[in-house]
>>> print(open('entry.pdb').read())   # PDB, C-alpha atoms, pLDDT in the B column
ATOM      1  CA  MET E  26       3.837  21.727  14.258  1.00 40.00           C
ATOM      2  CA  ALA E  27       4.976  24.446  16.647  1.00 44.00           C
ATOM      3  CA  ARG E  28       8.603  23.381  16.078  1.00 48.00           C
ATOM      4  CA  LEU E  29       8.409  24.064  12.344  1.00 51.00           C
ATOM      5  CA  ARG E  30       9.749  27.357  11.103  1.00 55.00           C
ATOM      6  CA  ALA E  31       7.401  29.587   9.113  1.00 53.00           C
ATOM      7  CA  SER E  32       9.068  28.544   5.851  1.00 58.00           C
ATOM      8  CA  ASP E  33       8.758  24.868   6.816  1.00 73.00           C
ATOM      9  CA  HIS E  34       5.098  25.393   7.710  1.00 78.00           C
ATOM     10  CA  GLU E  35       4.444  26.860   4.260  1.00 83.00           C
ATOM     11  CA  ALA E  36       6.353  24.035   2.583  1.00 82.00           C
ATOM     12  CA  VAL E  37       4.412  21.408   4.546  1.00 83.00           C
ATOM     13  CA  GLU E  38       1.114  23.049   3.669  1.00 87.00           C
ATOM     14  CA  GLU E  39       2.051  23.280  -0.007  1.00 89.00           C
ATOM     15  CA  PHE E  40       3.229  19.647  -0.032  1.00 88.00           C
ATOM     16  CA  PHE E  41       0.071  18.488   1.739  1.00 90.00           C
ATOM     17  CA  ASN E  42      -2.215  20.315  -0.705  1.00 91.00           C
ATOM     18  CA  ALA E  43      -0.328  18.898  -3.684  1.00 90.00           C
ATOM     19  CA  CYS E  44       0.100  15.327  -2.442  1.00 91.00           C
ATOM     20  CA  TYR E  45      -2.797  14.439  -0.124  1.00 93.00           C
ATOM     21  CA  PRO E  46      -5.546  13.917  -2.740  1.00 92.00           C
ATOM     22  CA  ARG E  47      -3.405  11.557  -4.795  1.00 92.00           C
ATOM     23  CA  LEU E  48      -2.196   9.672  -1.712  1.00 93.00           C
ATOM     24  CA  ALA E  49      -5.728   9.316  -0.317  1.00 93.00           C
ATOM     25  CA  GLY E  50      -6.990   8.133  -3.716  1.00 91.00           C
ATOM     26  CA  TRP E  51      -4.210   5.575  -3.957  1.00 90.00           C
ATOM     27  CA  VAL E  52      -4.908   4.275  -0.463  1.00 91.00           C
ATOM     28  CA  ARG E  53      -8.655   4.204  -1.266  1.00 91.00           C
ATOM     29  CA  ARG E  54      -8.012   1.824  -4.160  1.00 88.00           C
ATOM     30  CA  LEU E  55      -6.027  -0.427  -1.848  1.00 86.00           C
ATOM     31  CA  VAL E  56      -8.383  -0.546   1.134  1.00 87.00           C
ATOM     32  CA  ASP E  57     -11.727  -0.086  -0.658  1.00 84.00           C
ATOM     33  CA  ASP E  58     -13.097   2.263   1.997  1.00 87.00           C
ATOM     34  CA  ASP E  59     -13.124   6.086   1.994  1.00 91.00           C
ATOM     35  CA  GLU E  60     -12.956   6.555   5.756  1.00 93.00           C
ATOM     36  CA  THR E  61     -10.087   4.100   6.219  1.00 92.00           C
ATOM     37  CA  ALA E  62      -8.240   5.643   3.273  1.00 92.00           C
ATOM     38  CA  HIS E  63      -8.420   9.116   4.805  1.00 93.00           C
ATOM     39  CA  GLU E  64      -7.372   7.777   8.208  1.00 94.00           C
ATOM     40  CA  ILE E  65      -4.319   6.098   6.694  1.00 93.00           C
ATOM     41  CA  ALA E  66      -3.386   9.096   4.532  1.00 94.00           C
ATOM     42  CA  SER E  67      -3.763  11.447   7.513  1.00 93.00           C
ATOM     43  CA  GLU E  68      -1.670   9.188   9.734  1.00 93.00           C
ATOM     44  CA  ALA E  69       1.033   9.035   7.059  1.00 93.00           C
ATOM     45  CA  PHE E  70       1.183  12.835   6.947  1.00 92.00           C
ATOM     46  CA  THR E  71       1.213  13.052  10.733  1.00 90.00           C
ATOM     47  CA  ARG E  72       4.233  10.750  10.832  1.00 90.00           C
ATOM     48  CA  LEU E  73       5.839  12.754   8.042  1.00 90.00           C
ATOM     49  CA  LEU E  74       5.620  15.929  10.136  1.00 85.00           C
ATOM     50  CA  SER E  75       7.718  14.425  12.903  1.00 81.00           C
ATOM     51  CA  ARG E  76      10.592  13.881  10.436  1.00 80.00           C
ATOM     52  CA  TRP E  77       9.992  16.766   8.024  1.00 76.00           C
ATOM     53  CA  SER E  78      13.238  18.665   8.545  1.00 74.00           C
ATOM     54  CA  GLY E  79      15.451  15.604   8.046  1.00 72.00           C
ATOM     55  CA  LEU E  80      13.947  14.319   4.795  1.00 75.00           C
ATOM     56  CA  ASP E  81      15.324  14.708   1.300  1.00 81.00           C
ATOM     57  CA  ASN E  82      12.249  13.236  -0.373  1.00 85.00           C
ATOM     58  CA  PRO E  83       9.049  13.703   1.673  1.00 87.00           C
ATOM     59  CA  GLN E  84       6.882  12.203  -1.088  1.00 88.00           C
ATOM     60  CA  SER E  85       8.763   8.930  -0.977  1.00 86.00           C
ATOM     61  CA  TYR E  86       8.598   8.894   2.807  1.00 88.00           C
ATOM     62  CA  VAL E  87       4.852   9.562   3.003  1.00 91.00           C
ATOM     63  CA  TYR E  88       4.099   6.854   0.419  1.00 90.00           C
ATOM     64  CA  MET E  89       6.278   4.311   2.225  1.00 88.00           C
ATOM     65  CA  ILE E  90       4.543   5.135   5.522  1.00 91.00           C
ATOM     66  CA  ALA E  91       1.158   4.766   3.822  1.00 92.00           C
ATOM     67  CA  THR E  92       2.264   1.453   2.283  1.00 89.00           C
ATOM     68  CA  ASN E  93       3.166   0.122   5.723  1.00 88.00           C
ATOM     69  CA  LEU E  94      -0.130   1.357   7.195  1.00 91.00           C
ATOM     70  CA  VAL E  95      -2.082  -0.296   4.361  1.00 89.00           C
ATOM     71  CA  ARG E  96      -0.212  -3.536   4.987  1.00 86.00           C
ATOM     72  CA  ASP E  97      -1.106  -3.302   8.699  1.00 87.00           C
ATOM     73  CA  HIS E  98      -4.732  -2.703   7.752  1.00 88.00           C
ATOM     74  CA  TRP E  99      -4.715  -5.736   5.445  1.00 83.00           C
ATOM     75  CA  ARG E 100      -3.262  -7.927   8.197  1.00 81.00           C
ATOM     76  CA  LYS E 101      -5.905  -6.771  10.652  1.00 82.00           C
ATOM     77  CA  SER E 102      -8.735  -7.319   8.143  1.00 77.00           C
ATOM     78  CA  GLY E 103      -7.286 -10.722   7.255  1.00 74.00           C
ATOM     79  CA  ARG E 104      -7.381 -11.750  10.901  1.00 69.00           C
ATOM     80  CA  GLU E 105     -10.958 -10.480  11.135  1.00 67.00           C
ATOM     81  CA  ARG E 106     -11.984 -12.399   7.995  1.00 67.00           C
ATOM     82  CA  SER E 107     -10.333 -15.557   9.331  1.00 65.00           C
ATOM     83  CA  ALA E 108     -12.158 -15.245  12.623  1.00 63.00           C
ATOM     84  CA  LEU E 109     -15.444 -14.698  10.794  1.00 61.00           C
ATOM     85  CA  ARG E 110     -14.808 -17.752   8.592  1.00 65.00           C
ATOM     86  CA  VAL E 111     -14.110 -19.909  11.642  1.00 61.00           C
ATOM     87  CA  MET E 112     -17.273 -18.693  13.340  1.00 58.00           C
ATOM     88  CA  THR E 113     -19.466 -19.267  10.282  1.00 59.00           C
ATOM     89  CA  ALA E 114     -17.803 -22.518   9.157  1.00 61.00           C
ATOM     90  CA  ALA E 115     -19.861 -24.660  11.519  1.00 50.00           C
ATOM     91  CA  GLY E 116     -23.126 -23.436   9.994  1.00 50.00           C
ATOM     92  CA  ALA E 117     -21.942 -23.662   6.375  1.00 50.00           C
ATOM     93  CA  ALA E 118     -20.300 -27.091   6.390  1.00 48.00           C
ATOM     94  CA  GLU E 119     -22.528 -28.293   3.575  1.00 48.00           C
ATOM     95  CA  MET E 120     -21.224 -25.631   1.144  1.00 49.00           C
ATOM     96  CA  THR E 121     -18.524 -26.795  -1.261  1.00 50.00           C
ATOM     97  CA  TYR E 122     -15.211 -24.989  -1.377  1.00 45.00           C
ATOM     98  CA  GLN E 123     -14.169 -23.538  -4.714  1.00 46.00           C
ATOM     99  CA  PRO E 124     -10.615 -22.187  -4.452  1.00 46.00           C
ATOM    100  CA  ALA E 125     -10.796 -20.259  -7.738  1.00 45.00           C
ATOM    101  CA  GLN E 126     -13.439 -18.016  -6.183  1.00 48.00           C
ATOM    102  CA  ASP E 127     -11.284 -17.383  -3.119  1.00 50.00           C
ATOM    103  CA  VAL E 128      -8.369 -15.530  -4.683  1.00 57.00           C
ATOM    104  CA  ASP E 129      -7.596 -12.681  -2.326  1.00 73.00           C
ATOM    105  CA  VAL E 130      -5.612 -10.156  -4.346  1.00 76.00           C
ATOM    106  CA  ARG E 131      -4.599  -8.235  -1.249  1.00 78.00           C
ATOM    107  CA  ALA E 132      -3.193 -11.366   0.343  1.00 80.00           C
ATOM    108  CA  LEU E 133      -1.270 -12.167  -2.839  1.00 83.00           C
ATOM    109  CA  ILE E 134       0.236  -8.678  -2.961  1.00 84.00           C
ATOM    110  CA  GLU E 135       0.996  -8.789   0.751  1.00 83.00           C
ATOM    111  CA  ALA E 136       2.848 -12.073   0.214  1.00 86.00           C
ATOM    112  CA  LEU E 137       5.314 -10.405  -2.164  1.00 89.00           C
ATOM    113  CA  PRO E 138       8.739  -9.546  -0.714  1.00 90.00           C
ATOM    114  CA  ASP E 139       8.956  -5.912   0.458  1.00 87.00           C
ATOM    115  CA  ARG E 140      11.133  -4.715  -2.424  1.00 88.00           C
ATOM    116  CA  LEU E 141       8.740  -6.160  -5.025  1.00 91.00           C
ATOM    117  CA  ARG E 142       5.597  -5.091  -3.185  1.00 89.00           C
ATOM    118  CA  SER E 143       6.717  -1.476  -2.758  1.00 88.00           C
ATOM    119  CA  ALA E 144       7.553  -1.048  -6.432  1.00 90.00           C
ATOM    120  CA  PHE E 145       4.349  -2.863  -7.488  1.00 90.00           C
ATOM    121  CA  LEU E 146       2.060  -0.747  -5.285  1.00 86.00           C
ATOM    122  CA  LEU E 147       3.674   2.547  -6.225  1.00 87.00           C
ATOM    123  CA  HIS E 148       3.611   1.771  -9.955  1.00 87.00           C
ATOM    124  CA  TYR E 149       0.329  -0.075 -10.450  1.00 85.00           C
ATOM    125  CA  TYR E 150      -1.804   1.295  -7.627  1.00 82.00           C
ATOM    126  CA  ALA E 151      -0.424   4.804  -7.105  1.00 81.00           C
ATOM    127  CA  GLY E 152       0.147   5.351 -10.818  1.00 81.00           C
ATOM    128  CA  PHE E 153       3.740   6.526 -10.620  1.00 85.00           C
ATOM    129  CA  GLY E 154       5.990   5.942 -13.608  1.00 89.00           C
ATOM    130  CA  VAL E 155       9.010   3.667 -13.394  1.00 92.00           C
ATOM    131  CA  LYS E 156      11.352   6.663 -13.195  1.00 92.00           C
ATOM    132  CA  GLU E 157       9.365   8.206 -10.309  1.00 89.00           C
ATOM    133  CA  VAL E 158       9.271   4.902  -8.440  1.00 89.00           C
ATOM    134  CA  ALA E 159      13.021   4.554  -8.897  1.00 91.00           C
ATOM    135  CA  VAL E 160      13.581   7.997  -7.363  1.00 88.00           C
ATOM    136  CA  MET E 161      11.144   7.335  -4.523  1.00 85.00           C
ATOM    137  CA  LEU E 162      12.745   4.016  -3.627  1.00 87.00           C
ATOM    138  CA  GLY E 163      16.319   5.124  -4.324  1.00 89.00           C
ATOM    139  CA  ARG E 164      16.995   2.355  -6.834  1.00 92.00           C
ATOM    140  CA  PRO E 165      17.978   2.330 -10.521  1.00 94.00           C
ATOM    141  CA  GLU E 166      15.185   2.261 -13.125  1.00 93.00           C
ATOM    142  CA  GLY E 167      16.385  -1.090 -14.441  1.00 94.00           C
ATOM    143  CA  THR E 168      16.042  -2.592 -10.976  1.00 94.00           C
ATOM    144  CA  ILE E 169      12.499  -1.247 -10.673  1.00 93.00           C
ATOM    145  CA  LYS E 170      11.610  -2.729 -14.081  1.00 94.00           C
ATOM    146  CA  ALA E 171      13.031  -6.085 -12.991  1.00 95.00           C
ATOM    147  CA  ASP E 172      11.168  -5.896  -9.658  1.00 94.00           C
ATOM    148  CA  LEU E 173       7.894  -5.170 -11.484  1.00 93.00           C
ATOM    149  CA  PHE E 174       8.502  -8.097 -13.818  1.00 94.00           C
ATOM    150  CA  HIS E 175       9.220 -10.461 -10.917  1.00 94.00           C
ATOM    151  CA  ALA E 176       6.187  -9.199  -8.988  1.00 91.00           C
ATOM    152  CA  ARG E 177       3.893  -9.789 -11.986  1.00 90.00           C
ATOM    153  CA  THR E 178       5.404 -13.247 -12.519  1.00 91.00           C
ATOM    154  CA  ARG E 179       4.861 -14.236  -8.868  1.00 90.00           C
ATOM    155  CA  LEU E 180       1.306 -12.894  -8.857  1.00 86.00           C
ATOM    156  CA  LYS E 181       0.423 -14.735 -12.083  1.00 86.00           C
ATOM    157  CA  ALA E 182       1.831 -17.957 -10.636  1.00 86.00           C
ATOM    158  CA  ALA E 183      -0.047 -17.456  -7.376  1.00 82.00           C
ATOM    159  CA  VAL E 184      -3.336 -16.801  -9.165  1.00 78.00           C
ATOM    160  CA  GLY E 185      -2.744 -19.899 -11.305  1.00 74.00           C
ATOM    161  CA  GLU E 186      -2.153 -22.023  -8.201  1.00 68.00           C
ATOM    162  CA  ALA E 187      -5.269 -20.649  -6.507  1.00 57.00           C
ATOM    163  CA  SER E 188      -7.493 -21.417  -9.486  1.00 57.00           C
ATOM    164  CA  GLU E 189      -6.284 -25.016  -9.892  1.00 55.00           C
TER     165      GLU E 189
END
>>> encode(input="entry.pdb", output="structure tokens")
Amino acid sequence: MARLRASDHEAVEEFFNACYPRLAGWVRRLVDDDETAHEIASEAFTRLLSRWSGLDNPQSYVYMIATNLVRDHWRKSGRERSALRVMTAAGAAEMTYQPAQDVDVRALIEALPDRLRSAFLLHYYAGFGVKEVAVMLGRPEGTIKADLFHARTRLKAAVGEASE
């Protein structure tokens, strides 16, 4: 922070005040935990500060950092859930498995290719319009619309497979 000029410091503070609540709310919907959401949002802004002067679009950068941090969180929680399942499986062997009840939306979204997942998360979870997502990702609007279509198609197919 000491390296930032006074004008940069004011710009960072203004950007933080304008963007942090929405970013933290978006992350909260993804991780389902207030504390984790604020940790991820804060970390994203911390990483943004280290690159502030070289960025054309800080909003895009901070959301992409947050997306990657959410994905890391999901991976870690998935490993924890798997370990817990293995540990409790011996005691619950008599329970029947019903795959339709085991659809993990986060895992399905995580399984999407990066380009589809980024557009999907920014549009459906962060609430950005197609035009905003296109600007943030540096792609044409038509490409974003196609990516959203393909993401929805893959998710519908995956949910169908899980419920069969």
>>> residues_around(input="entry.pdb", residues="stretch 141-156 of chain E", least_positions_apart="2", cutoff="8 Å", atoms="all atoms listed in the file", output="VMD selection string")
chain E and resid 47 to 48 51 54 to 55 88 to 89 92 134 to 135 137 to 139 158 to 160 162 166 169 to 170 172 to 173 175 to 176
>>> atom_distance(input="entry.pdb", atom1="atom CA of E:Gly50", atom2="atom CA of E:Arg72")
18.6 Å
>>> atom_distance(input="entry.pdb", atom1="atom CA of E:Ala62", atom2="atom CA of E:Ala49")
5.7 Å
>>> resolve_selection(input="entry.pdb", expression="the PyMOL selection byres ((chain E and resi 132) around 12)", output="ChimeraX atom specification")
/E:55,95-104,106,127-131,133-137,142,180,183-184,187
>>> atom_distance(input="entry.pdb", atom1="atom CA of E:Arg179", atom2="atom CA of E:Arg140")
13.1 Å
>>> closest_residue(input="entry.pdb", among="E:Pro83, E:Ser78, E:Ala91, E:Asp58", to="E:Ala43", atoms="all atoms listed in the file")
E:Pro83
>>> residues_near_point(input="entry.pdb", point="(0.5, 18.9, 6.9)", cutoff="6 Å", atoms="all atoms listed in the file", output="VMD selection string")
chain E and resid 37 to 38 41
>>> closest_residue(input="entry.pdb", among="E:Ala182, E:Thr168, E:Ala69, E:Glu64", to="E:Gln84", atoms="only C-alpha atoms")
E:Ala69
